[in-house]
>>> print(open('target22.cif').read())   # mmCIF, C-alpha atoms
data_target
loop_
_atom_site.label_atom_id
_atom_site.label_comp_id
_atom_site.auth_asym_id
_atom_site.auth_seq_id
_atom_site.Cartn_x
_atom_site.Cartn_y
_atom_site.Cartn_z
CA MET W 23 -144.18 -63.83 -149.35
CA SER W 24 -145.70 -66.47 -147.08
CA GLU W 25 -147.98 -69.38 -147.87
CA ALA W 26 -150.82 -66.92 -147.32
CA THR W 27 -150.36 -65.81 -150.93
CA ASP W 28 -152.32 -68.90 -151.95
CA LEU W 29 -155.35 -67.87 -149.93
CA LYS W 30 -158.38 -67.09 -152.06
CA GLN W 31 -160.60 -64.09 -151.33
CA GLY W 32 -164.27 -63.59 -152.10
CA ILE W 33 -167.55 -63.33 -150.21
CA ARG W 34 -168.94 -66.53 -151.73
CA GLU W 35 -165.76 -68.45 -150.92
CA HIS W 36 -166.03 -67.45 -147.24
CA ILE W 37 -169.79 -67.21 -146.84
CA GLY W 38 -169.81 -68.97 -143.45
CA GLN W 39 -167.34 -66.70 -141.69
CA PHE W 40 -168.58 -63.65 -143.59
CA SER W 41 -172.13 -64.38 -142.40
CA LEU W 42 -170.97 -64.75 -138.80
CA HIS W 43 -169.33 -61.33 -139.00
CA VAL W 44 -172.58 -59.94 -140.43
CA LEU W 45 -174.41 -61.44 -137.44
CA LEU W 46 -171.92 -59.88 -135.04
CA VAL W 47 -172.12 -56.41 -136.58
CA PHE W 48 -175.92 -56.70 -136.35
CA ALA W 49 -175.42 -57.41 -132.64
CA THR W 50 -173.12 -54.40 -132.40
CA GLY W 51 -175.93 -52.28 -133.85
CA LEU W 52 -178.48 -53.80 -131.46
CA THR W 53 -176.19 -52.88 -128.56
CA ILE W 54 -175.96 -49.18 -129.36
CA GLY W 55 -179.55 -49.06 -130.63
CA SER W 56 -180.80 -50.27 -127.27
CA GLU W 57 -179.83 -46.86 -125.89
CA ARG W 58 -181.08 -44.62 -128.69
CA ALA W 59 -184.75 -44.09 -127.86
CA VAL W 60 -184.73 -44.90 -124.15
CA VAL W 61 -181.66 -43.42 -122.46
CA PRO W 62 -182.17 -39.67 -123.22
CA VAL W 63 -185.76 -39.92 -121.97
CA LEU W 64 -184.57 -41.98 -118.98
CA GLY W 65 -182.22 -39.15 -118.02
CA GLU W 66 -184.97 -36.54 -118.23
CA ASP W 67 -187.92 -38.47 -116.74
CA VAL W 68 -186.30 -40.88 -114.24
CA LEU W 69 -182.95 -39.41 -113.24
CA GLY W 70 -184.19 -35.81 -113.24
CA VAL W 71 -181.60 -34.32 -115.60
CA GLU W 72 -182.87 -30.96 -116.85
CA SER W 73 -179.86 -29.73 -118.82
CA PHE W 74 -179.61 -30.74 -122.49
CA LEU W 75 -175.85 -30.24 -122.22
CA VAL W 76 -175.63 -32.70 -119.34
CA ILE W 77 -177.78 -35.23 -121.20
CA GLY W 78 -175.40 -34.87 -124.13
CA SER W 79 -172.45 -35.73 -121.90
CA PHE W 80 -173.06 -39.45 -122.29
CA VAL W 81 -172.58 -39.12 -126.05
CA VAL W 82 -169.46 -36.99 -125.51
CA SER W 83 -167.89 -39.73 -123.39
CA PHE W 84 -168.90 -42.31 -125.97
CA GLY W 85 -167.47 -40.32 -128.88
CA ILE W 86 -164.13 -39.53 -127.25
CA VAL W 87 -163.52 -43.12 -126.19
CA LYS W 88 -164.72 -44.65 -129.45
CA SER W 89 -162.63 -42.32 -131.60
CA ILE W 90 -159.42 -43.04 -129.69
CA LEU W 91 -160.06 -46.77 -129.55
CA ASN W 92 -160.84 -46.82 -133.28
CA LEU W 93 -157.34 -45.54 -133.91
CA TYR W 94 -155.70 -48.20 -131.78
CA ALA W 95 -158.11 -50.96 -132.78
CA GLY W 96 -156.76 -50.71 -136.31
CA LYS W 97 -153.19 -50.80 -135.03
CA TRP W 98 -153.89 -53.75 -132.73
CA GLY W 99 -155.71 -55.54 -135.54
CA GLU W 100 -152.49 -55.45 -137.57
CA GLU W 101 -150.31 -56.54 -134.65
CA TYR W 102 -152.42 -59.18 -132.89
CA GLY W 103 -155.04 -60.15 -135.46
CA ARG W 104 -158.72 -59.35 -135.78
CA LYS W 105 -160.19 -62.02 -133.47
CA PRO W 106 -158.48 -61.09 -130.15
CA VAL W 107 -159.54 -57.46 -130.56
CA LEU W 108 -163.09 -58.55 -131.40
CA VAL W 109 -163.35 -60.76 -128.30
CA ALA W 110 -162.00 -57.96 -126.10
CA GLY W 111 -164.65 -55.62 -127.47
CA TRP W 112 -167.51 -57.92 -126.51
CA ALA W 113 -166.00 -58.61 -123.10
CA THR W 114 -166.04 -54.88 -122.43
CA ALA W 115 -169.80 -54.69 -123.04
CA LEU W 116 -170.74 -57.34 -120.48
CA PRO W 117 -171.16 -54.86 -117.54
CA LEU W 118 -173.16 -52.33 -119.62
CA PRO W 119 -176.71 -53.72 -119.05
CA ILE W 120 -176.07 -53.92 -115.31
CA ILE W 121 -174.95 -50.27 -115.19
CA LEU W 122 -177.98 -49.07 -117.16
CA ILE W 123 -180.38 -51.04 -114.96
CA PHE W 124 -178.99 -49.93 -111.61
CA ALA W 125 -177.43 -46.51 -112.33
CA PRO W 126 -178.47 -44.17 -109.48
CA SER W 127 -177.39 -41.00 -111.32
CA TRP W 128 -176.56 -39.68 -114.77
CA GLY W 129 -172.85 -39.93 -114.02
CA TRP W 130 -173.15 -43.71 -114.04
CA ILE W 131 -174.83 -43.59 -117.45
CA THR W 132 -171.87 -41.58 -118.72
CA VAL W 133 -169.45 -44.18 -117.31
CA GLY W 134 -171.48 -46.92 -118.97
CA ASN W 135 -171.14 -45.15 -122.28
CA VAL W 136 -167.37 -45.23 -121.92
CA LEU W 137 -167.69 -49.02 -122.00
CA LEU W 138 -170.09 -48.74 -124.93
CA GLY W 139 -167.53 -46.65 -126.80
CA VAL W 140 -164.84 -49.28 -126.27
CA ASN W 141 -167.24 -52.02 -127.34
CA GLN W 142 -168.33 -50.24 -130.51
CA ALA W 143 -164.78 -49.28 -131.52
CA LEU W 144 -163.26 -52.72 -131.10
CA THR W 145 -166.14 -54.86 -132.39
CA TRP W 146 -167.20 -52.74 -135.35
CA SER W 147 -163.61 -52.02 -136.45
CA MET W 148 -162.73 -55.68 -136.49
CA ALA W 149 -166.01 -56.74 -138.09
CA ILE W 150 -165.46 -54.43 -141.03
CA ASN W 151 -161.78 -55.24 -141.42
CA ALA W 152 -162.53 -58.97 -141.34
CA LYS W 153 -165.15 -58.55 -144.10
CA ILE W 154 -162.70 -56.57 -146.24
CA ASP W 155 -160.04 -59.22 -145.61
CA LEU W 156 -162.35 -61.98 -146.81
CA ALA W 157 -163.98 -60.13 -149.71
CA GLY W 158 -160.91 -58.84 -151.52
CA PRO W 159 -160.54 -55.63 -153.58
CA ASP W 160 -163.18 -56.47 -156.21
CA GLN W 161 -165.97 -56.67 -153.62
CA ARG W 162 -164.68 -54.12 -151.11
CA GLY W 163 -167.55 -51.66 -151.54
CA LEU W 164 -170.12 -54.43 -151.28
CA ALA W 165 -168.46 -55.81 -148.15
CA VAL W 166 -168.48 -52.40 -146.45
CA GLY W 167 -172.06 -51.82 -147.57
CA ILE W 168 -173.21 -55.14 -146.12
CA ASP W 169 -171.35 -54.43 -142.88
CA GLU W 170 -172.84 -50.99 -142.40
CA SER W 171 -176.33 -51.95 -143.56
CA PHE W 172 -176.64 -54.79 -141.07
CA GLY W 173 -174.97 -52.80 -138.30
CA TYR W 174 -177.38 -49.92 -138.66
CA THR W 175 -180.35 -52.20 -139.23
CA GLY W 176 -179.41 -53.66 -135.86
CA LEU W 177 -179.33 -50.13 -134.46
CA ALA W 178 -182.80 -49.47 -135.85
CA ALA W 179 -184.13 -52.74 -134.48
CA GLY W 180 -182.57 -52.07 -131.07
CA ALA W 181 -184.12 -48.60 -130.88
CA TRP W 182 -187.53 -49.90 -131.95
CA ILE W 183 -187.54 -52.99 -129.70
CA THR W 184 -186.44 -51.15 -126.57
CA GLY W 185 -188.86 -48.30 -127.34
CA VAL W 186 -191.74 -50.79 -127.54
CA ILE W 187 -190.61 -52.57 -124.36
CA ALA W 188 -190.33 -49.24 -122.51
CA ALA W 189 -193.77 -48.11 -123.68
CA ARG W 190 -195.39 -51.34 -122.49
CA THR W 191 -193.45 -51.72 -119.23
CA ASN W 192 -191.00 -49.13 -117.88
CA LEU W 193 -187.96 -47.16 -119.03
CA ARG W 194 -185.93 -49.62 -116.98
CA PRO W 195 -185.03 -52.37 -116.23
CA GLU W 196 -187.01 -54.29 -118.86
CA PRO W 197 -185.46 -52.79 -122.05
CA PHE W 198 -181.97 -53.63 -120.82
CA TYR W 199 -182.73 -57.31 -120.25
CA PHE W 200 -182.89 -57.52 -124.03
CA LEU W 201 -179.49 -55.78 -124.24
CA ALA W 202 -177.97 -58.29 -121.81
CA VAL W 203 -179.02 -61.26 -123.95
CA VAL W 204 -177.52 -59.66 -127.08
CA VAL W 205 -174.17 -58.93 -125.44
CA VAL W 206 -173.73 -62.40 -123.92
CA LEU W 207 -174.62 -64.23 -127.14
CA ALA W 208 -172.28 -62.05 -129.23
CA PHE W 209 -169.44 -62.62 -126.75
CA LEU W 210 -169.87 -66.39 -127.03
CA VAL W 211 -170.02 -66.34 -130.84
CA SER W 212 -166.85 -64.24 -131.07
CA ILE W 213 -164.98 -66.71 -128.84
CA PHE W 214 -166.12 -70.04 -130.22
CA LEU W 215 -167.10 -69.53 -133.88
CA ILE W 216 -165.00 -66.71 -135.35
CA LYS W 217 -161.69 -67.45 -137.12
CA GLU W 218 -158.75 -65.14 -137.77
CA THR W 219 -158.68 -63.26 -141.11
CA VAL W 220 -155.58 -61.03 -141.00
CA GLN W 221 -153.67 -63.51 -143.19
CA TYR W 222 -155.88 -62.58 -146.16
CA ALA W 223 -154.84 -58.93 -145.94
CA GLN W 224 -151.21 -59.97 -145.65
CA ALA W 225 -151.55 -62.11 -148.78
CA GLU W 226 -153.12 -59.27 -150.76
CA GLY W 227 -150.22 -56.83 -150.64
CA ASP W 228 -146.80 -56.55 -152.21
CA ASP W 229 -144.27 -55.89 -149.47
CA ASP W 230 -141.82 -54.47 -152.01
CA ASP W 231 -144.17 -51.64 -153.01
CA HIS W 232 -142.86 -48.21 -151.98
CA ASP W 233 -146.11 -47.57 -150.09
CA ALA W 234 -145.95 -50.78 -148.06
CA ASN W 235 -145.21 -51.03 -144.33
CA LEU W 236 -145.64 -47.38 -143.41
CA PRO W 237 -144.83 -46.69 -139.76
CA PHE W 238 -147.90 -46.02 -137.63
CA LYS W 239 -147.06 -42.32 -137.21
CA GLU W 240 -146.80 -41.95 -140.97
CA VAL W 241 -150.15 -43.67 -141.42
CA VAL W 242 -151.74 -41.16 -139.03
CA LYS W 243 -150.23 -38.24 -140.95
CA ARG W 244 -151.18 -39.66 -144.36
CA ALA W 245 -154.78 -40.39 -143.42
CA THR W 246 -155.26 -37.07 -141.61
CA TYR W 247 -153.64 -34.33 -143.67
CA GLY W 248 -150.91 -35.80 -145.88
CA ASP W 249 -153.37 -36.66 -148.65
CA ARG W 250 -156.03 -34.16 -149.69
CA THR W 251 -158.54 -36.85 -150.65
CA LEU W 252 -158.15 -38.61 -147.30
CA PHE W 253 -158.49 -35.30 -145.50
CA ALA W 254 -161.74 -34.64 -147.37
CA ALA W 255 -163.01 -38.07 -146.34
CA ALA W 256 -161.95 -37.59 -142.70
CA GLN W 257 -163.66 -34.20 -142.32
CA ALA W 258 -166.80 -35.48 -144.02
CA GLY W 259 -166.88 -38.49 -141.73
CA HIS W 260 -166.45 -36.21 -138.73
CA VAL W 261 -169.33 -33.93 -139.71
CA GLU W 262 -171.74 -36.64 -140.89
CA ASN W 263 -171.67 -38.15 -137.41
CA PHE W 264 -173.36 -34.95 -136.23
CA VAL W 265 -176.47 -36.35 -137.93
CA ASP W 266 -176.16 -39.61 -136.03
CA THR W 267 -175.66 -37.66 -132.79
CA LEU W 268 -178.68 -35.49 -133.55
CA PHE W 269 -180.85 -38.60 -133.82
CA TRP W 270 -179.38 -39.86 -130.56
CA ILE W 271 -179.84 -36.72 -128.45
CA ALA W 272 -182.00 -34.05 -130.04
CA VAL W 273 -184.54 -35.99 -132.08
CA PRO W 274 -186.01 -38.03 -129.16
CA LEU W 275 -186.23 -34.96 -126.93
CA TYR W 276 -187.57 -32.70 -129.68
CA LEU W 277 -190.24 -35.19 -130.75
CA THR W 278 -191.39 -35.91 -127.20
CA SER W 279 -191.64 -32.15 -126.63
CA GLN W 280 -193.94 -32.06 -129.67
CA GLY W 281 -196.22 -34.63 -128.08
CA LEU W 282 -195.08 -37.93 -129.61
CA GLY W 283 -195.10 -41.00 -127.34
CA ILE W 284 -191.92 -42.94 -126.64
CA ASP W 285 -192.98 -45.83 -128.90
CA ALA W 286 -193.57 -43.42 -131.84
CA VAL W 287 -190.25 -41.70 -131.14
CA GLY W 288 -188.52 -45.08 -131.22
CA LEU W 289 -190.12 -45.77 -134.59
CA VAL W 290 -189.04 -42.43 -136.11
CA VAL W 291 -185.47 -42.95 -134.88
CA GLY W 292 -185.66 -46.53 -136.08
CA VAL W 293 -186.88 -45.51 -139.56
CA HIS W 294 -183.86 -43.24 -139.95
CA SER W 295 -181.47 -46.02 -139.00
CA ALA W 296 -183.39 -48.67 -140.97
CA MET W 297 -182.58 -46.79 -144.19
CA TYR W 298 -178.96 -47.71 -143.56
CA PHE W 299 -179.90 -51.21 -144.73
CA SER W 300 -179.79 -49.81 -148.26
CA GLN W 301 -176.01 -49.61 -147.86
CA ILE W 302 -175.92 -53.08 -149.38
CA GLY W 303 -177.05 -51.38 -152.58
CA THR W 304 -175.08 -48.15 -152.22
CA GLY W 305 -171.84 -49.99 -151.41
CA GLY W 306 -172.28 -52.26 -154.42
CA LEU W 307 -173.20 -49.24 -156.55
CA ALA W 308 -169.90 -47.58 -155.64
CA ASP W 309 -168.06 -50.69 -156.89
CA ARG W 310 -169.58 -49.89 -160.30
CA ILE W 311 -169.60 -46.07 -160.49
CA GLY W 312 -167.01 -44.99 -157.94
CA ARG W 313 -167.03 -43.73 -154.36
CA ARG W 314 -167.25 -39.97 -154.94
CA PRO W 315 -170.73 -39.57 -156.53
CA PRO W 316 -172.66 -41.36 -153.74
CA VAL W 317 -170.68 -39.51 -151.06
CA VAL W 318 -171.42 -36.07 -152.52
CA ALA W 319 -175.12 -36.87 -153.03
CA GLY W 320 -175.41 -38.37 -149.55
CA MET W 321 -173.96 -35.34 -147.76
CA PHE W 322 -176.56 -33.00 -149.26
CA LEU W 323 -179.50 -35.40 -148.95
CA ALA W 324 -178.77 -36.14 -145.27
CA GLY W 325 -178.41 -32.43 -144.52
CA GLY W 326 -181.65 -31.67 -146.33
CA GLY W 327 -183.55 -34.32 -144.40
CA VAL W 328 -182.34 -32.92 -141.09
CA LEU W 329 -183.30 -29.38 -142.10
CA GLY W 330 -186.76 -30.49 -143.17
CA MET W 331 -187.61 -32.06 -139.82
CA VAL W 332 -188.00 -28.66 -138.16
CA LEU W 333 -189.94 -27.22 -141.07
CA VAL W 334 -192.82 -29.71 -140.86
CA GLU W 335 -195.17 -31.05 -138.20
CA GLY W 336 -196.72 -34.46 -137.73
CA TYR W 337 -195.68 -38.05 -137.21
CA LEU W 338 -195.69 -39.10 -140.89
CA PRO W 339 -193.72 -36.07 -142.22
CA TRP W 340 -191.14 -36.52 -139.45
CA ALA W 341 -190.81 -40.20 -140.29
CA ALA W 342 -190.48 -39.44 -144.02
CA LEU W 343 -187.74 -36.86 -143.47
CA ALA W 344 -185.98 -39.13 -141.00
CA ALA W 345 -186.00 -41.75 -143.77
CA ALA W 346 -184.62 -39.22 -146.29
CA SER W 347 -181.73 -38.28 -144.02
CA GLY W 348 -181.14 -41.99 -143.39
CA LEU W 349 -180.94 -42.64 -147.14
CA GLY W 350 -178.41 -39.83 -147.45
CA MET W 351 -176.35 -41.43 -144.71
CA ALA W 352 -176.60 -44.77 -146.51
CA LEU W 353 -175.17 -43.20 -149.65
CA LEU W 354 -172.20 -41.61 -147.94
CA TYR W 355 -171.44 -43.79 -144.93
CA PRO W 356 -169.99 -46.98 -146.47
CA ASN W 357 -168.38 -45.18 -149.37
CA LEU W 358 -166.54 -42.67 -147.21
CA MET W 359 -165.10 -45.64 -145.34
CA THR W 360 -164.09 -47.35 -148.56
CA VAL W 361 -161.99 -44.32 -149.57
CA PRO W 362 -159.17 -44.96 -147.04
CA SER W 363 -159.57 -48.69 -147.69
CA ASP W 364 -158.90 -48.08 -151.39
CA ALA W 365 -156.06 -45.65 -150.78
CA ALA W 366 -154.20 -47.70 -148.17
CA HIS W 367 -151.68 -50.43 -148.88
CA PRO W 368 -152.92 -53.76 -147.44
CA THR W 369 -149.99 -53.81 -144.99
CA TRP W 370 -151.42 -50.76 -143.18
CA ARG W 371 -155.05 -50.77 -144.32
CA SER W 372 -156.46 -51.66 -140.89
CA ALA W 373 -154.42 -48.87 -139.29
CA GLY W 374 -155.46 -46.40 -142.00
CA MET W 375 -159.11 -47.32 -141.52
CA GLY W 376 -158.57 -46.80 -137.79
CA VAL W 377 -157.35 -43.24 -138.39
CA TYR W 378 -160.37 -42.44 -140.54
CA ARG W 379 -162.72 -43.96 -137.96
CA MET W 380 -160.99 -41.96 -135.22
CA TRP W 381 -161.75 -38.67 -136.99
CA ARG W 382 -165.23 -39.83 -137.96
CA ASP W 383 -166.29 -40.90 -134.49
CA SER W 384 -164.77 -37.90 -132.73
CA GLY W 385 -167.72 -36.26 -134.47
CA TYR W 386 -169.93 -37.86 -131.82
CA ALA W 387 -168.16 -35.89 -129.09
CA VAL W 388 -167.88 -32.60 -130.98
CA GLY W 389 -171.41 -32.96 -132.33
CA ALA W 390 -172.83 -33.72 -128.89
CA ILE W 391 -171.20 -30.61 -127.44
CA LEU W 392 -172.40 -28.33 -130.24
CA ILE W 393 -175.89 -29.86 -130.30
CA GLY W 394 -176.13 -29.67 -126.51
CA LEU W 395 -175.04 -26.03 -126.49
CA SER W 396 -177.52 -25.19 -129.25
CA MET W 397 -180.38 -26.82 -127.38
CA GLU W 398 -179.36 -25.37 -124.04
CA PHE W 399 -178.83 -21.75 -125.05
CA VAL W 400 -180.85 -21.31 -128.25
CA SER W 401 -183.49 -23.94 -129.01
CA ALA W 402 -183.93 -27.55 -130.04
CA GLU W 403 -184.58 -26.37 -133.59
CA ALA W 404 -181.21 -24.58 -133.65
CA ALA W 405 -179.44 -27.93 -133.34
CA PHE W 406 -181.15 -29.12 -136.52
CA TYR W 407 -180.28 -25.94 -138.43
CA MET W 408 -176.64 -26.09 -137.33
CA THR W 409 -176.25 -29.74 -138.29
CA ALA W 410 -177.78 -29.17 -141.73
CA VAL W 411 -175.56 -26.17 -142.52
CA LEU W 412 -172.40 -28.04 -141.48
CA MET W 413 -173.38 -31.00 -143.66
CA PHE W 414 -173.79 -28.70 -146.66
CA LEU W 415 -170.40 -27.05 -146.05
CA SER W 416 -168.67 -30.39 -145.56
CA GLY W 417 -170.28 -31.72 -148.72
CA ALA W 418 -168.83 -28.77 -150.61
CA VAL W 419 -165.33 -29.66 -149.36
CA VAL W 420 -165.82 -33.22 -150.62
CA TYR W 421 -167.02 -31.95 -153.99
CA VAL W 422 -163.98 -29.71 -154.43
CA TRP W 423 -161.18 -31.82 -152.96
CA MET W 424 -162.01 -35.52 -153.02
CA GLU W 425 -160.61 -37.49 -155.95
CA GLU W 426 -162.00 -40.86 -157.02
CA THR W 427 -160.26 -43.78 -155.26
CA HIS W 428 -161.93 -46.75 -156.97
CA PRO W 429 -159.09 -49.19 -157.83
CA ASP W 430 -160.24 -49.68 -161.45
CA PHE W 431 -161.07 -46.18 -162.64
CA GLY W 432 -160.04 -43.84 -159.84
CA THR W 433 -158.11 -40.63 -160.35
CA HIS W 434 -156.47 -40.59 -156.92
CA GLU W 435 -152.75 -41.21 -156.61
CA PRO W 436 -150.89 -41.58 -153.28
CA PRO W 437 -148.25 -38.98 -152.42
CA ALA W 438 -144.84 -39.51 -153.98
CA PRO W 439 -142.51 -41.75 -151.93
CA ALA W 440 -139.87 -40.23 -149.71
CA ALA W 441 -136.24 -40.45 -150.71
CA GLU W 442 -135.86 -43.50 -148.47
CA SER W 443 -138.89 -45.75 -148.26
CA PRO W 444 -139.85 -46.60 -144.70
CA THR W 445 -139.28 -50.23 -143.79
CA ARG W 446 -140.81 -50.56 -140.39
CA ALA W 447 -144.09 -52.43 -140.02
CA ALA W 448 -147.29 -50.49 -139.71
CA GLY W 449 -147.50 -51.29 -136.04
CA ASP W 450 -144.13 -49.65 -135.29
CA GLY W 451 -143.63 -46.08 -134.18
#
>>> encode(input="target22.cif", output="structure tokens")
Amino acid sequence: MSEATDLKQGIREHIGQFSLHVLLVFATGLTIGSERAVVPVLGEDVLGVESFLVIGSFVVSFGIVKSILNLYAGKWGEEYGRKPVLVAGWATALPLPIILIFAPSWGWITVGNVLLGVNQALTWSMAINAKIDLAGPDQRGLAVGIDESFGYTGLAAGAWITGVIAARTNLRPEPFYFLAVVVVLAFLVSIFLIKETVQYAQAEGDDDDHDANLPFKEVVKRATYGDRTLFAAAQAGHVENFVDTLFWIAVPLYLTSQGLGIDAVGLVVGVHSAMYFSQIGTGGLADRIGRRPPVVAGMFLAGGGVLGMVLVEGYLPWAALAAASGLGMALLYPNLMTVPSDAAHPTWRSAGMGVYRMWRDSGYAVGAILIGLSMEFVSAEAAFYMTAVLMFLSGAVVYVWMEETHPDFGTHEPPAPAAESPTRAAGDG
């Protein structure tokens, strides 16, 4: 083992760097949130897009790119370290405000969302892995909860701020001036203030363990279908992102069709995302009671909140049910992510998290297609019904198949080792 074995982990011990990563994930949330309330309405009212399926295309492009880059972000984070990948992610976002301001057609918006997908995959993946590196196994749930709570609070703030700006000025360019400031500042912070953290993960693991140093292809297999618990987490992550996609595409268009103004729509979308701030509590809770109970409860609560939105009318009931679905997401979101973090050996944890995040965020693309088809050929309400039913079914899979992965009192065991333990590094293959 290297000198890194002497490195001490803990949030308090690394509060400066941990706080900077919290700031950066908040900026990551602001970046994607700046599109949430404004861009779907921009496509319909300014760019003249009439097809819900076409409007959904910008989320499809985002989801495909983000899911693939999540996979490789984890791999690159093991090979090159967290900081270079983080800096590359913010560099990718620099052209995004310019594209959104000057895009002459919806095709340009879709191209811009390719860059957004790269940005979100690289920056959020490295932000969460850096926090886990610094926090250590005893505070892993809390670290993930803090990461996700501040990221989605940033999303809520971005949706609300740009919605207010658009209501008081125009759908563009003014809202995207705010986005430009966020991206430039985050890029500078990632270059000049962030330090590397991969050495803490390297110090945490025992290289002689039979589960250490899995080849990358084996990591993909393990985290996808080689372990029933990890499969349950991956499918749940995939389906729960349908809820996020619904609030990105269908909710703004549905609420405006019901007569809400763009500023009120931004607030309803923002309320949903603001509930993600409670992930600080739900992540810490899972450190005490385990990952499985909050995940199961969250799947059904989020699905119920989505279903309720088409069964009521009025600004306050919509906001309340948006908050309920957001609370459900807060229960499941960080704790689903902690499952592969628990189950992975530190030598391939970043890669294993990347596989989970690949399957989770491919849910953006699949969800956007299914939601767009539902809205196009059935009704806006059909998209809500479909999303709710799939959440209930996915929650049932979690209930039946997912074992507890908490390191202190979990019931999950990794698959038995092969006859010859693999020796290649996680980045190989």
>>> residues_near_point(input="target22.cif", point="(-149.5, -56.2, -140.5)", cutoff="12 Å", atoms="only C-alpha atoms", output="MDAnalysis selection string")
chainID W and resid 96:104 219:227 229 234:238 367:374 446:450
>>> closest_residue(input="target22.cif", among="W:Gly32, W:Pro429, W:Gly173, W:Pro316", to="Gly303 in chain W", atoms="all atoms listed in the file")
W:Pro316
>>> closest_residue(input="target22.cif", among="W:Phe414, W:Phe48, W:Tyr337, W:Phe200", to="Leu118 in chain W", atoms="only C-alpha atoms")
W:Phe200
>>> atom_distance(input="target22.cif", atom1="CA of Val133 in chain W", atom2="CA of Val265 in chain W")
23.1 Å
>>> resolve_selection(input="target22.cif", expression="the PyMOL selection byres ((chain W and resi 213) around 12)", output="PyMOL selection string")
chain W and resi 42+46+104-113+206-212+214-218
>>> resolve_selection(input="target22.cif", expression="the PyMOL selection byres ((chain W and resi 250) around 10)", output="PyMOL selection string")
chain W and resi 244-249+251-256+420+423-425+434+436-437
>>> atom_distance(input="target22.cif", atom1="CA of Pro274 in chain W", atom2="CA of Ala149 in chain W")
28.8 Å
>>> atom_distance(input="target22.cif", atom1="CA of Gly305 in chain W", atom2="CA of Tyr386 in chain W")
23.1 Å
>>> build_atoms(input="target22.cif", residues="range 216-227 of chain W", atoms="N, CA, C and O atoms", output="PDB file, keeping the file's coordinate frame")
ATOM      1  N   ILE W 216    -165.723 -67.593-134.438  1.00  0.00           N
ATOM      2  CA  ILE W 216    -165.000 -66.710-135.350  1.00  0.00           C
ATOM      3  C   ILE W 216    -163.557 -67.189-135.539  1.00  0.00           C
ATOM      4  O   ILE W 216    -162.894 -67.599-134.583  1.00  0.00           O
ATOM      5  N   LYS W 217    -163.072 -67.089-136.788  1.00  0.00           N
ATOM      6  CA  LYS W 217    -161.690 -67.450-137.120  1.00  0.00           C
ATOM      7  C   LYS W 217    -160.917 -66.187-137.515  1.00  0.00           C
ATOM      8  O   LYS W 217    -161.495 -65.181-137.919  1.00  0.00           O
ATOM      9  N   GLU W 218    -159.604 -66.268-137.435  1.00  0.00           N
ATOM     10  CA  GLU W 218    -158.750 -65.140-137.770  1.00  0.00           C
ATOM     11  C   GLU W 218    -158.747 -64.896-139.283  1.00  0.00           C
ATOM     12  O   GLU W 218    -158.818 -65.831-140.081  1.00  0.00           O
ATOM     13  N   THR W 219    -158.668 -63.613-139.689  1.00  0.00           N
ATOM     14  CA  THR W 219    -158.680 -63.260-141.110  1.00  0.00           C
ATOM     15  C   THR W 219    -157.502 -62.396-141.552  1.00  0.00           C
ATOM     16  O   THR W 219    -157.372 -62.102-142.747  1.00  0.00           O
ATOM     17  N   VAL W 220    -156.629 -61.981-140.641  1.00  0.00           N
ATOM     18  CA  VAL W 220    -155.580 -61.030-141.000  1.00  0.00           C
ATOM     19  C   VAL W 220    -154.666 -61.585-142.090  1.00  0.00           C
ATOM     20  O   VAL W 220    -154.091 -60.833-142.882  1.00  0.00           O
ATOM     21  N   GLN W 221    -154.548 -62.908-142.198  1.00  0.00           N
ATOM     22  CA  GLN W 221    -153.670 -63.510-143.190  1.00  0.00           C
ATOM     23  C   GLN W 221    -154.113 -63.183-144.625  1.00  0.00           C
ATOM     24  O   GLN W 221    -153.281 -63.143-145.541  1.00  0.00           O
ATOM     25  N   TYR W 222    -155.394 -62.926-144.819  1.00  0.00           N
ATOM     26  CA  TYR W 222    -155.880 -62.580-146.160  1.00  0.00           C
ATOM     27  C   TYR W 222    -155.406 -61.198-146.575  1.00  0.00           C
ATOM     28  O   TYR W 222    -155.079 -60.969-147.750  1.00  0.00           O
ATOM     29  N   ALA W 223    -155.377 -60.259-145.640  1.00  0.00           N
ATOM     30  CA  ALA W 223    -154.840 -58.930-145.940  1.00  0.00           C
ATOM     31  C   ALA W 223    -153.344 -59.008-146.214  1.00  0.00           C
ATOM     32  O   ALA W 223    -152.830 -58.350-147.125  1.00  0.00           O
ATOM     33  N   GLN W 224    -152.644 -59.836-145.462  1.00  0.00           N
ATOM     34  CA  GLN W 224    -151.210 -59.970-145.650  1.00  0.00           C
ATOM     35  C   GLN W 224    -150.890 -60.568-147.020  1.00  0.00           C
ATOM     36  O   GLN W 224    -149.902 -60.198-147.666  1.00  0.00           O
ATOM     37  N   ALA W 225    -151.765 -61.483-147.478  1.00  0.00           N
ATOM     38  CA  ALA W 225    -151.550 -62.110-148.780  1.00  0.00           C
ATOM     39  C   ALA W 225    -151.848 -61.165-149.934  1.00  0.00           C
ATOM     40  O   ALA W 225    -151.334 -61.338-151.039  1.00  0.00           O
ATOM     41  N   GLU W 226    -152.646 -60.154-149.692  1.00  0.00           N
ATOM     42  CA  GLU W 226    -153.120 -59.270-150.760  1.00  0.00           C
ATOM     43  C   GLU W 226    -152.062 -58.291-151.219  1.00  0.00           C
ATOM     44  O   GLU W 226    -152.078 -57.843-152.371  1.00  0.00           O
ATOM     45  N   GLY W 227    -151.134 -57.918-150.341  1.00  0.00           N
ATOM     46  CA  GLY W 227    -150.220 -56.830-150.640  1.00  0.00           C
ATOM     47  C   GLY W 227    -148.867 -57.282-151.131  1.00  0.00           C
ATOM     48  O   GLY W 227    -148.451 -58.415-150.951  1.00  0.00           O
TER      49      GLY W 227
END
